[in-house]
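**Q** Dropping the structure in here first, questions after.
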Protein chains: 2
Amino acid sequence: MSIANDFASRLDRLAEVAVHVGLGSIKGQELLMTAPLEAIGLVRRITEHAYKAGATVVTTLFTDDETTLARFRFGHDDSFDHATKWLYDGMASAFRSGAARLAIVGDDPSLLSAQDPAKVSRANRARSTAYRPALELIAGSAINWTIVSAATPAWARQVFPGLPDDQAVAKLWDAIFKASRIDGDDPIAGWHKHNGDLHARAKIMNDKRFAALRFKGPGTDLEVGLCDGHRWAGGSGKAENGITYNANIPTEEVFTTPHRERVNGTVSATKPLSYQGTLIRDISVRFEAGAIVEAHASAGEDVLKRILETDEGSYRLGEVALVPHASPISQSGLLFFNTLYDENAASHIALGQAYAKTVEGASEMDTAAQLARGVNQSLIHIDWMIGSDQIDVDGVHADGTVEPVMRKGAWV
Amino acid sequence: MSIANDFASRLDRLAEVAVHVGLGSIKGQELLMTAPLEAIGLVRRITEHAYKAGATVVTTLFTDDETTLARFRFGHDDSFDHATKWLYDGMASAFRSGAARLAIVGDDPSLLSAQDPAKVSRANRARSTAYRPALELIAGSAINWTIVSAATPAWARQVFPGLPDDQAVAKLWDAIFKASRIDGDDPIAGWHKHNGDLHARAKIMNDKRFAALRFKGPGTDLEVGLCDGHRWAGGSGKAENGITYNANIPTEEVFTTPHRERVNGTVSATKPLSYQGTLIRDISVRFEAGAIVEAHASAGEDVLKRILETDEGSYRLGEVALVPHASPISQSGLLFFNTLYDENAASHIALGQAYAKTVEGASEMDTAAQLARGVNQSLIHIDWMIGSDQIDVDGVHADGTVEPVMRKGAWV
């Protein structure tokens with residue numbers, strides 16, 4: 001069996017994987033998609049596959065970097081505490097009525113880097129507050145949802161500086177196709193096997209029942225206490241609506257929920273973080289009893305500090321994830337300046353909101369009970385990369401005994 | 001004073017007119033825009049002018065003909081009774097919170113002409129039902145709103161068949177700029193004068209207090225009874241939020257509300273009607289006591305009949321408008337296959353929902369009281385053109401005396 005490898009065929013297979021692996025199923029559901037304008041080609045392929053698979057209505061909300069930027073360049077000061085609450089409430093309402101969610105990401109990683117950090121932070125905070133009801137439904141896996149990427153010129157220029165736009169975009173698409181595992185004879189079967197591998201790795205970690213993980217390497221000496229009753233997850237999972245889906249295309253991680261009060265030590269980022277158009281470089285922070293008490297960055301430190309000030313939970317961790325340095329994305333040697341890719345090239349932690357699904361019984365708890373169990377709550381959820389081929393990870397048992405989990409970024 | 005006439009300058013002036021004449025003001029308001037993807041250039045100019053004028057957040061919901069078509073080509077049968085209620089409810093919620101509305105139209109006039117009329121009609125009906133709460137706020141002038149056009153290749157091909165796309169698009173933009181009155185030394189002052197002319201024409205008609213209008217010409221012998229207490233309007237008007245706005249760019253009409261039970265006779269359309277992607281040609285209908293009892297079309301008759309079956313009010317009139325044949329749009333000699341243009345080139349009537357604002361006291365009435373007064377209610381509001389240089393219009397007074405209003409399409 002041969003398989004076509006021209007761009008159009010690969011784009012179509014990415015769309016097929018997004019619908020049949022990412023969303024898992026869309027039959028009888030609405031699909032709410034978000035995408036940068038430049039991703040229109042992928043949007044059209046996904047829309048076609050979704051309708052063929054039985055979607056009732058597919059709606060795409062497009063974003064445009066130039067109009068996003070116009071707000072910061074020309075907007076009056078009172079603009080920046082404002083968000084489109086009607087739209088985010090509408091999204092939450094769509095999810096409650098059973099709609100699935102697909103995000104195509106590919107925005108300019110440093111779109112807002114030259115803008116006033118105070119305005120950027122106010123706008124982010126207003127957006128996060130308005131988005132909270134919809135985000136809770138996604139974070140709680142009420143519905144099947146997935147994130148995929150599309151190469152855009154602004155993003156490609158950052159990954160391949162110095163190349164003409166068309167070459168940079170072509171190279172970035174190639175990297176996206178490879179990472180998204182759409183090139184085998186049967187990509188869907190390939191994804192079933194990959195999900196099986198990630199489930200097996202999560203089972204190994206679950207059987208260990210570690211009380212904490214210790215990360216050690218250059219600039220990093222961090223102990224991350226895990227929630228009592230935490231569960232490791234990775235690859236496909238089941239949403240509350242009964243559909244098995246893959247939240248990220250690609251995905252290489254296994255992850256679980258740390259205890260919001262049991263994180264101590266220092267940690268240095270191993271890759272830059274692009275957050276809402278601001279590039280934050282060389283993050284280094286110190287935790288005491290779960291909370292960040294000191295934070296530095298060589299670029300974007302202002303924005304980082306304002307992110308941390310979002311709420312009480314933004315100083316604390318909501319996720320810890322392990323990714324081997326042998327991951328295909330890591331092996332590409334590329335720095336993507338895009339969390340979906342960079343977080344699947346390195347072990348990482350996330351500031352802010354925790355996933356209740358990775359703590360036994362937490363999905364049925366109210367917020368107060370989740371907090372008491374150590375499940376962090378916040379308006380934000382921001383992954384940042386702390387793994388590399390120089391980082392060792394140990395598991396710490398409740399009785400204090402220690403065993404190696406990763407050495408130099410590889411599974412032991 | 002000289003004025004730049006390159007494309008970029010004219011596009012920018014159209015955006016300026018859309019914000020400062022169309023919306024009138026946007027200071028401290030959200031702006032909700034809808035646009036075809038191909039209108040991105042105009043969207044960006046409008047967004048910039050809106051932020052400069054004090055908009056809090058500008059959100060554009062884009063439509064894409066290819067994904068719209070994909071639903072009809074690939075969607076399962078149960079798709080077509082479905083609409084994005086969450087999105088239309090969100091729009092209504094935005095308007096209730098004070099958002100302004102700007103629609104850029106430019107879609108393919110015959111996008112769905114080859115699709116199953118039953119599916120098209122089911123989808124339209126579901127959409128109209130979901131859109132109703134938002135439409136009521138617009139039809140009731142709760143907020144400032146406006147419609148402008150952008151040239152798209154699919155639309156331009158229909159207006160200028162046989163020309164290469166780039167030439168057709170350039171010619172259509174030129175026609176849009178001319179019709180939108182953006183080419184004078186001071187387009188905003190020009191619009192103030194034009195609004196003054198339309199207000200003066202509406203005053204003449206209001207002073208006459210006609211009980212009915214009679215349209216006579218080839219295939220047309222129609223009497224349109226007017227609502228008791230009707231008011232003629234045209235040009236700028238004041239929204240309930242206090243802002244003076246122009247609902248259509250361009251606009252050449254004066255219009256009022258017919259009585260839903262007092263329309264009798266036959267009428268033939270003078271231009272084709274493009275409705276939701278279906279082109280309906282040579283409409284001819286007969287009214288009895290306000291309701292259409294017979295309807296024909298040489299193309300799209302199926303869709304026309306299904307439109308009429310929408311509800312009890314879709315058989316009846318919600319608007320009657322007078323436009324002189326000397327209107328600049330009419331004089332361009334072009335057939336636009338786009339209601340915003342064609343309705344401003346010819347006198348027209350609208351099936352369906354009436355504007356309460358053009359009946360004394362109706363804005364404060366509930367639906368039952370409006371119906372009793374003769375103000376039609378429906379899910380739809382579809383304008384179609386019945387004027388030309390061969391149509392005479394008479395005004396009929398309550399005592400039965402008749403006086404000429406238009407002869408051969410010109411004001412008497």
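A note on labels: chains of the structure tokens are A, B, ... as shown, every chain counts residues from 1, and ligands are counted from 1 in their shown order.
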Write out chain B, as a compact mmCIF listing (two decimals) with C-alpha atoms, in the first residue's frame, after superposing it onto chain A by least squares using every C-alpha atom paired in order.
**A**
```txt
# COMPACT_ATOMS: atom_id res chain seq x y z
CA MET B 1 -0.06 0.00 -0.09
CA SER B 2 1.38 3.33 -1.02
CA ILE B 3 0.49 6.64 0.50
CA ALA B 4 0.54 10.06 -1.13
CA ASN B 5 3.01 12.48 0.36
CA ASP B 6 2.18 15.71 -1.44
CA PHE B 7 1.17 18.63 0.76
CA ALA B 8 -2.56 18.37 0.04
CA SER B 9 -2.65 14.68 1.00
CA ARG B 10 -0.70 15.24 4.20
CA LEU B 11 -2.93 18.20 5.15
CA ASP B 12 -5.99 16.03 4.55
CA ARG B 13 -4.54 13.24 6.72
CA LEU B 14 -3.81 15.75 9.51
CA ALA B 15 -7.48 16.83 9.32
CA GLU B 16 -8.59 13.19 9.41
CA VAL B 17 -6.43 12.53 12.48
CA ALA B 18 -7.72 15.74 14.13
CA VAL B 19 -11.33 14.54 13.73
CA HIS B 20 -11.01 10.77 14.22
CA VAL B 21 -8.17 10.68 16.79
CA GLY B 22 -8.27 14.19 18.32
CA LEU B 23 -12.03 14.51 18.73
CA GLY B 24 -12.50 10.74 18.52
CA SER B 25 -16.05 11.17 17.24
CA ILE B 26 -18.24 14.08 16.17
CA LYS B 27 -21.43 12.25 15.13
CA GLY B 28 -24.52 14.23 16.10
CA GLN B 29 -22.42 16.94 17.78
CA GLU B 30 -21.79 20.57 16.92
CA LEU B 31 -18.12 21.41 16.41
CA LEU B 32 -16.72 24.73 17.64
CA MET B 33 -13.35 25.46 16.08
CA THR B 34 -10.93 28.36 16.64
CA ALA B 35 -8.15 29.10 14.18
CA PRO B 36 -5.84 31.80 12.87
CA LEU B 37 -6.98 33.10 9.47
CA GLU B 38 -3.91 31.61 7.80
CA ALA B 39 -5.09 28.12 8.83
CA ILE B 40 -8.09 28.32 6.46
CA GLY B 41 -6.76 25.38 4.39
CA LEU B 42 -6.71 23.07 7.41
CA VAL B 43 -10.04 24.48 8.64
CA ARG B 44 -11.65 23.49 5.34
CA ARG B 45 -10.26 19.96 5.44
CA ILE B 46 -11.33 19.47 9.07
CA THR B 47 -14.79 20.88 8.31
CA GLU B 48 -15.25 18.39 5.48
CA HIS B 49 -14.12 15.42 7.61
CA ALA B 50 -16.34 16.58 10.48
CA TYR B 51 -19.46 16.81 8.29
CA LYS B 52 -18.69 13.42 6.72
CA ALA B 53 -18.42 12.01 10.25
CA GLY B 54 -21.85 13.38 11.17
CA ALA B 55 -21.23 16.82 12.74
CA THR B 56 -24.45 18.86 12.86
CA VAL B 57 -22.91 22.33 12.41
CA VAL B 58 -19.24 23.29 12.26
CA THR B 59 -18.49 26.88 13.35
CA THR B 60 -15.02 28.40 13.16
CA LEU B 61 -14.07 31.52 15.10
CA PHE B 62 -11.04 33.00 13.35
CA THR B 63 -8.37 35.18 14.92
CA ASP B 64 -6.26 37.68 13.03
CA ASP B 65 -2.92 38.85 14.43
CA GLU B 66 -3.19 42.28 12.79
CA THR B 67 -6.56 43.11 14.37
CA THR B 68 -5.40 41.70 17.73
CA LEU B 69 -2.42 44.03 17.53
CA ALA B 70 -4.60 46.99 16.46
CA ARG B 71 -6.25 46.96 19.88
CA PHE B 72 -2.92 47.46 21.64
CA ARG B 73 -1.77 50.06 19.14
CA PHE B 74 -4.95 52.15 18.89
CA GLY B 75 -7.34 51.11 21.69
CA HIS B 76 -8.26 53.60 24.41
CA ASP B 77 -7.10 52.81 27.93
CA ASP B 78 -10.50 51.52 29.07
CA SER B 79 -10.39 48.79 26.39
CA PHE B 80 -7.97 46.59 28.29
CA ASP B 81 -10.17 45.54 31.22
CA HIS B 82 -12.83 44.39 28.78
CA ALA B 83 -13.47 40.93 27.32
CA THR B 84 -16.15 39.42 25.09
CA LYS B 85 -18.06 37.76 27.90
CA TRP B 86 -21.02 37.07 25.59
CA LEU B 87 -18.77 34.98 23.32
CA TYR B 88 -17.08 32.98 26.08
CA ASP B 89 -20.44 32.41 27.79
CA GLY B 90 -21.74 31.28 24.42
CA MET B 91 -18.89 28.79 24.12
CA ALA B 92 -19.65 27.41 27.59
CA SER B 93 -23.30 27.16 26.59
CA ALA B 94 -22.32 25.28 23.41
CA PHE B 95 -20.24 22.79 25.44
CA ARG B 96 -23.09 22.29 27.92
CA SER B 97 -25.33 21.51 24.92
CA GLY B 98 -22.84 18.88 23.77
CA ALA B 99 -20.62 20.72 21.27
CA ALA B 100 -17.07 19.46 20.78
CA ARG B 101 -14.08 21.80 20.67
CA LEU B 102 -11.14 21.95 18.27
CA ALA B 103 -8.42 24.61 18.53
CA ILE B 104 -5.95 25.19 15.73
CA VAL B 105 -2.94 27.07 17.07
CA GLY B 106 -0.29 28.80 15.02
CA ASP B 107 -0.24 32.40 16.15
CA ASP B 108 2.81 34.65 16.14
CA PRO B 109 4.73 33.64 19.32
CA SER B 110 5.89 37.20 19.95
CA LEU B 111 3.01 39.23 18.54
CA LEU B 112 2.62 41.40 21.62
CA SER B 113 6.22 41.39 22.81
CA ALA B 114 6.67 45.09 21.99
CA GLN B 115 3.37 46.14 23.64
CA ASP B 116 2.88 47.60 27.11
CA PRO B 117 3.03 44.63 29.56
CA ALA B 118 0.47 46.32 31.81
CA LYS B 119 -2.08 46.45 28.99
CA VAL B 120 -1.26 42.91 27.85
CA SER B 121 -1.69 41.63 31.38
CA ARG B 122 -5.00 43.49 31.95
CA ALA B 123 -6.37 42.11 28.66
CA ASN B 124 -5.22 38.57 29.52
CA ARG B 125 -6.78 38.78 32.95
CA ALA B 126 -10.12 40.03 31.59
CA ARG B 127 -10.08 37.29 28.96
CA SER B 128 -9.19 34.56 31.49
CA THR B 129 -12.00 35.68 33.80
CA ALA B 130 -14.54 35.65 30.96
CA TYR B 131 -13.25 32.32 29.63
CA ARG B 132 -13.34 30.56 33.02
CA PRO B 133 -16.78 28.87 32.70
CA ALA B 134 -15.87 27.43 29.28
CA LEU B 135 -12.36 26.44 30.43
CA GLU B 136 -13.78 24.55 33.43
CA LEU B 137 -15.84 22.38 31.08
CA ILE B 138 -12.74 21.66 29.01
CA ALA B 139 -10.41 21.13 31.99
CA GLY B 140 -13.06 18.84 33.50
CA SER B 141 -13.31 16.84 30.22
CA ALA B 142 -17.05 17.44 30.03
CA ILE B 143 -16.73 17.10 26.25
CA ASN B 144 -14.28 15.77 23.67
CA TRP B 145 -11.75 18.43 22.67
CA THR B 146 -8.42 18.66 20.87
CA ILE B 147 -5.65 21.06 19.86
CA VAL B 148 -3.73 20.81 16.58
CA SER B 149 -1.34 23.21 14.86
CA ALA B 150 -1.10 24.98 11.52
CA ALA B 151 2.03 26.62 10.13
CA THR B 152 1.65 30.39 9.71
CA PRO B 153 4.27 32.77 8.30
CA ALA B 154 4.76 34.70 11.55
CA TRP B 155 5.28 31.49 13.54
CA ALA B 156 7.49 29.89 10.85
CA ARG B 157 9.74 32.99 10.75
CA GLN B 158 10.46 32.53 14.45
CA VAL B 159 11.25 28.80 14.13
CA PHE B 160 13.34 29.20 10.94
CA PRO B 161 14.80 32.72 11.09
CA GLY B 162 16.49 33.91 7.92
CA LEU B 163 14.56 31.70 5.51
CA PRO B 164 12.12 33.18 2.97
CA ASP B 165 8.52 32.89 4.24
CA ASP B 166 7.42 30.17 1.82
CA GLN B 167 10.39 27.93 2.68
CA ALA B 168 9.99 28.53 6.42
CA VAL B 169 6.27 27.71 6.24
CA ALA B 170 6.95 24.55 4.21
CA LYS B 171 9.57 23.38 6.72
CA LEU B 172 7.26 24.08 9.65
CA TRP B 173 4.39 22.15 8.01
CA ASP B 174 6.79 19.25 7.48
CA ALA B 175 7.72 19.30 11.17
CA ILE B 176 4.02 19.47 12.15
CA PHE B 177 3.12 16.52 9.92
CA LYS B 178 6.00 14.42 11.30
CA ALA B 179 5.24 15.25 14.93
CA SER B 180 1.53 14.61 14.39
CA ARG B 181 2.26 11.03 13.22
CA ILE B 182 0.22 11.28 10.01
CA ASP B 183 2.80 9.80 7.63
CA GLY B 184 2.48 6.05 8.22
CA ASP B 185 0.45 3.71 5.98
CA ASP B 186 -2.42 3.91 8.45
CA PRO B 187 -2.14 6.99 10.69
CA ILE B 188 -5.23 6.09 12.73
CA ALA B 189 -3.84 2.63 13.57
CA GLY B 190 -0.50 4.31 14.34
CA TRP B 191 -2.22 6.57 16.82
CA HIS B 192 -3.93 3.60 18.50
CA LYS B 193 -0.49 2.03 19.04
CA HIS B 194 0.99 5.32 20.31
CA ASN B 195 -1.94 5.74 22.73
CA GLY B 196 -1.29 2.17 23.93
CA ASP B 197 2.36 3.04 24.65
CA LEU B 198 1.38 6.15 26.62
CA HIS B 199 -1.28 4.22 28.58
CA ALA B 200 1.37 1.59 29.47
CA ARG B 201 3.76 4.32 30.69
CA ALA B 202 0.99 5.90 32.80
CA LYS B 203 0.23 2.48 34.31
CA ILE B 204 3.87 2.01 35.34
CA MET B 205 3.81 5.40 37.09
CA ASN B 206 0.44 4.66 38.72
CA ASP B 207 1.72 1.34 40.08
CA LYS B 208 4.62 3.17 41.76
CA ARG B 209 2.30 5.47 43.78
CA PHE B 210 5.09 7.99 44.34
CA ALA B 211 4.46 10.70 46.93
CA ALA B 212 6.69 13.17 45.07
CA LEU B 213 9.03 13.68 42.12
CA ARG B 214 12.47 15.27 42.33
CA PHE B 215 13.95 17.12 39.34
CA LYS B 216 17.72 17.76 39.35
CA GLY B 217 19.95 19.42 36.77
CA PRO B 218 21.55 22.77 35.89
CA GLY B 219 19.65 25.48 37.79
CA THR B 220 17.05 22.98 38.99
CA ASP B 221 16.59 21.25 42.33
CA LEU B 222 12.87 20.85 42.74
CA GLU B 223 10.61 18.52 44.69
CA VAL B 224 7.04 18.28 43.41
CA GLY B 225 4.70 16.60 45.90
CA LEU B 226 1.83 14.76 44.21
CA CYS B 227 -1.83 14.89 45.25
CA ASP B 228 -2.99 12.02 47.44
CA GLY B 229 -4.93 9.75 45.11
CA HIS B 230 -3.30 11.23 42.00
CA ARG B 231 -3.54 9.28 38.75
CA TRP B 232 -1.13 9.44 35.84
CA ALA B 233 -2.69 9.88 32.41
CA GLY B 234 -1.41 10.14 28.86
CA GLY B 235 -2.65 9.64 25.33
CA SER B 236 -6.35 9.18 24.77
CA GLY B 237 -8.84 9.60 27.59
CA LYS B 238 -12.59 9.39 27.99
CA ALA B 239 -14.68 12.56 28.28
CA GLU B 240 -17.74 12.82 30.53
CA ASN B 241 -19.85 12.51 27.35
CA GLY B 242 -18.43 9.01 26.87
CA ILE B 243 -16.23 9.80 23.87
CA THR B 244 -12.58 8.70 23.78
CA TYR B 245 -10.45 11.58 22.51
CA ASN B 246 -6.87 12.91 22.32
CA ALA B 247 -6.67 16.41 23.77
CA ASN B 248 -3.41 17.23 21.97
CA ILE B 249 -2.09 16.35 18.51
CA PRO B 250 0.82 15.67 18.94
CA THR B 251 1.14 14.30 22.47
CA GLU B 252 4.14 12.59 24.04
CA GLU B 253 3.54 13.22 27.75
CA VAL B 254 2.26 11.41 30.80
CA PHE B 255 1.00 13.82 33.42
CA THR B 256 -0.65 14.08 36.80
CA THR B 257 -1.72 16.56 39.48
CA PRO B 258 0.78 17.93 42.00
CA HIS B 259 -0.27 18.92 45.53
CA ARG B 260 -0.74 22.68 45.58
CA GLU B 261 1.10 23.06 48.92
CA ARG B 262 3.87 20.48 48.49
CA VAL B 263 6.28 21.99 45.97
CA ASN B 264 9.69 23.20 47.16
CA GLY B 265 13.00 24.24 45.61
CA THR B 266 14.23 26.00 42.52
CA VAL B 267 13.62 25.28 38.85
CA SER B 268 14.90 26.79 35.60
CA ALA B 269 13.04 26.64 32.31
CA THR B 270 14.79 24.68 29.55
CA LYS B 271 12.94 26.43 26.71
CA PRO B 272 11.38 29.87 26.22
CA LEU B 273 7.65 30.21 26.82
CA SER B 274 5.34 32.01 24.40
CA TYR B 275 2.25 33.14 26.29
CA GLN B 276 -0.49 35.15 24.54
CA GLY B 277 1.99 36.76 22.18
CA THR B 278 4.74 37.48 24.71
CA LEU B 279 8.00 35.51 24.65
CA ILE B 280 9.35 34.83 28.15
CA ARG B 281 12.95 33.61 28.22
CA ASP B 282 15.06 31.89 30.91
CA ILE B 283 12.39 31.61 33.57
CA SER B 284 13.80 30.72 36.98
CA VAL B 285 11.65 30.47 40.10
CA ARG B 286 11.79 29.33 43.71
CA PHE B 287 8.91 27.52 45.45
CA GLU B 288 8.16 27.37 49.17
CA ALA B 289 5.28 25.22 50.42
CA GLY B 290 3.79 25.11 46.94
CA ALA B 291 3.95 28.82 46.13
CA ILE B 292 6.42 30.72 43.98
CA VAL B 293 8.24 33.19 46.23
CA GLU B 294 10.82 34.43 43.72
CA ALA B 295 10.61 34.65 39.90
CA HIS B 296 13.04 35.86 37.24
CA ALA B 297 13.25 35.88 33.43
CA SER B 298 15.80 37.37 31.04
CA ALA B 299 12.99 38.63 28.77
CA GLY B 300 9.30 39.13 29.52
CA GLU B 301 9.85 39.19 33.31
CA ASP B 302 7.21 41.93 33.64
CA VAL B 303 4.61 39.78 31.93
CA LEU B 304 5.64 36.71 33.95
CA LYS B 305 5.19 38.62 37.23
CA ARG B 306 1.79 39.90 36.14
CA ILE B 307 0.75 36.35 35.20
CA LEU B 308 1.73 35.19 38.68
CA GLU B 309 -0.39 37.98 40.19
CA THR B 310 -3.54 36.73 38.41
CA ASP B 311 -4.89 35.02 41.53
CA GLU B 312 -3.87 32.95 44.52
CA GLY B 313 -3.62 29.79 42.39
CA SER B 314 -1.43 31.27 39.67
CA TYR B 315 1.60 31.05 42.03
CA ARG B 316 1.09 27.31 42.36
CA LEU B 317 1.27 24.21 40.17
CA GLY B 318 -1.66 22.51 38.46
CA GLU B 319 0.21 19.89 36.44
CA VAL B 320 3.47 17.96 36.25
CA ALA B 321 4.31 16.01 33.09
CA LEU B 322 7.12 13.70 32.02
CA VAL B 323 8.36 13.56 28.42
CA PRO B 324 11.47 11.63 27.40
CA HIS B 325 14.21 13.50 25.56
CA ALA B 326 13.84 10.75 22.91
CA SER B 327 10.43 12.13 21.92
CA PRO B 328 10.30 12.69 18.14
CA ILE B 329 9.58 16.38 18.68
CA SER B 330 12.62 16.74 20.92
CA GLN B 331 14.71 14.79 18.40
CA SER B 332 13.71 17.21 15.61
CA GLY B 333 16.09 19.61 17.37
CA LEU B 334 13.69 22.47 16.70
CA LEU B 335 12.58 25.06 19.18
CA PHE B 336 8.95 25.73 18.29
CA PHE B 337 8.10 28.72 20.55
CA ASN B 338 4.70 27.02 20.79
CA THR B 339 3.60 25.25 23.95
CA LEU B 340 1.78 22.42 22.16
CA TYR B 341 5.09 21.42 20.56
CA ASP B 342 7.68 22.42 23.12
CA GLU B 343 5.76 20.80 26.02
CA ASN B 344 5.85 17.53 24.08
CA ALA B 345 9.60 17.80 23.67
CA ALA B 346 10.40 18.12 27.38
CA SER B 347 9.12 17.36 30.87
CA HIS B 348 7.11 20.32 32.10
CA ILE B 349 5.05 21.83 34.87
CA ALA B 350 2.02 24.09 34.62
CA LEU B 351 1.12 27.12 36.69
CA GLY B 352 -2.52 27.43 37.66
CA GLN B 353 -5.62 25.30 37.17
CA ALA B 354 -5.29 21.55 37.77
CA TYR B 355 -7.11 18.81 35.86
CA ALA B 356 -9.53 17.18 38.32
CA LYS B 357 -9.60 14.01 36.21
CA THR B 358 -6.10 13.03 37.33
CA VAL B 359 -7.11 12.88 41.01
CA GLU B 360 -9.29 10.01 42.27
CA GLY B 361 -12.79 11.31 43.04
CA ALA B 362 -11.96 15.00 42.46
CA SER B 363 -14.36 15.38 39.51
CA GLU B 364 -17.24 14.87 41.93
CA MET B 365 -15.85 17.35 44.53
CA ASP B 366 -16.72 21.02 44.78
CA THR B 367 -13.96 23.64 44.61
CA ALA B 368 -13.44 23.79 48.39
CA ALA B 369 -13.05 20.01 48.63
CA GLN B 370 -10.65 20.01 45.66
CA LEU B 371 -8.53 22.73 47.32
CA ALA B 372 -8.48 20.73 50.57
CA ARG B 373 -7.21 17.73 48.62
CA GLY B 374 -4.46 19.90 47.07
CA VAL B 375 -6.04 20.30 43.60
CA ASN B 376 -5.05 23.83 42.53
CA GLN B 377 -7.60 26.37 41.23
CA SER B 378 -6.82 29.36 39.00
CA LEU B 379 -7.96 31.41 36.02
CA ILE B 380 -4.80 30.36 34.18
CA HIS B 381 -3.15 27.12 33.07
CA ILE B 382 0.32 27.75 31.61
CA ASP B 383 2.71 24.93 30.81
CA TRP B 384 6.45 25.57 30.82
CA MET B 385 9.32 23.33 30.03
CA ILE B 386 11.82 22.13 32.68
CA GLY B 387 13.12 18.90 31.09
CA SER B 388 16.13 18.23 28.87
CA ASP B 389 18.88 15.66 28.35
CA GLN B 390 20.58 17.11 31.44
CA ILE B 391 17.72 16.56 33.87
CA ASP B 392 17.34 13.58 36.20
CA VAL B 393 14.01 12.69 37.79
CA ASP B 394 13.58 10.60 40.93
CA GLY B 395 10.42 9.20 42.44
CA VAL B 396 10.05 9.59 46.22
CA HIS B 397 7.88 7.07 48.06
CA ALA B 398 5.78 7.95 51.11
CA ASP B 399 8.33 6.21 53.36
CA GLY B 400 11.12 8.43 52.02
CA THR B 401 12.77 5.83 49.78
CA VAL B 402 13.85 7.11 46.40
CA GLU B 403 14.10 5.43 43.01
CA PRO B 404 15.25 6.77 39.65
CA VAL B 405 12.55 7.56 37.05
CA MET B 406 14.56 9.38 34.36
CA ARG B 407 18.28 9.79 33.82
CA LYS B 408 19.57 12.47 31.42
CA GLY B 409 16.00 12.84 30.15
CA ALA B 410 15.52 9.12 29.36
CA TRP B 411 13.13 6.68 31.10
CA VAL B 412 15.06 4.41 33.46
```
**Q** Out of stretch 107-327 of chain B, which residues get helix (DSSP H, G or I) from DSSP, as a VMD selection string?
**A** chain B and resid 117 to 139 153 to 159 165 to 179 187 to 208 301 to 308 312 to 315
**Q** Mind listing the strand (DSSP E or B) residues of stretch 74-217 of chain A, per DSSP on the backbone, as a PyMOL selection string?
**A** chain A and resi 100-105+145-149+212-217
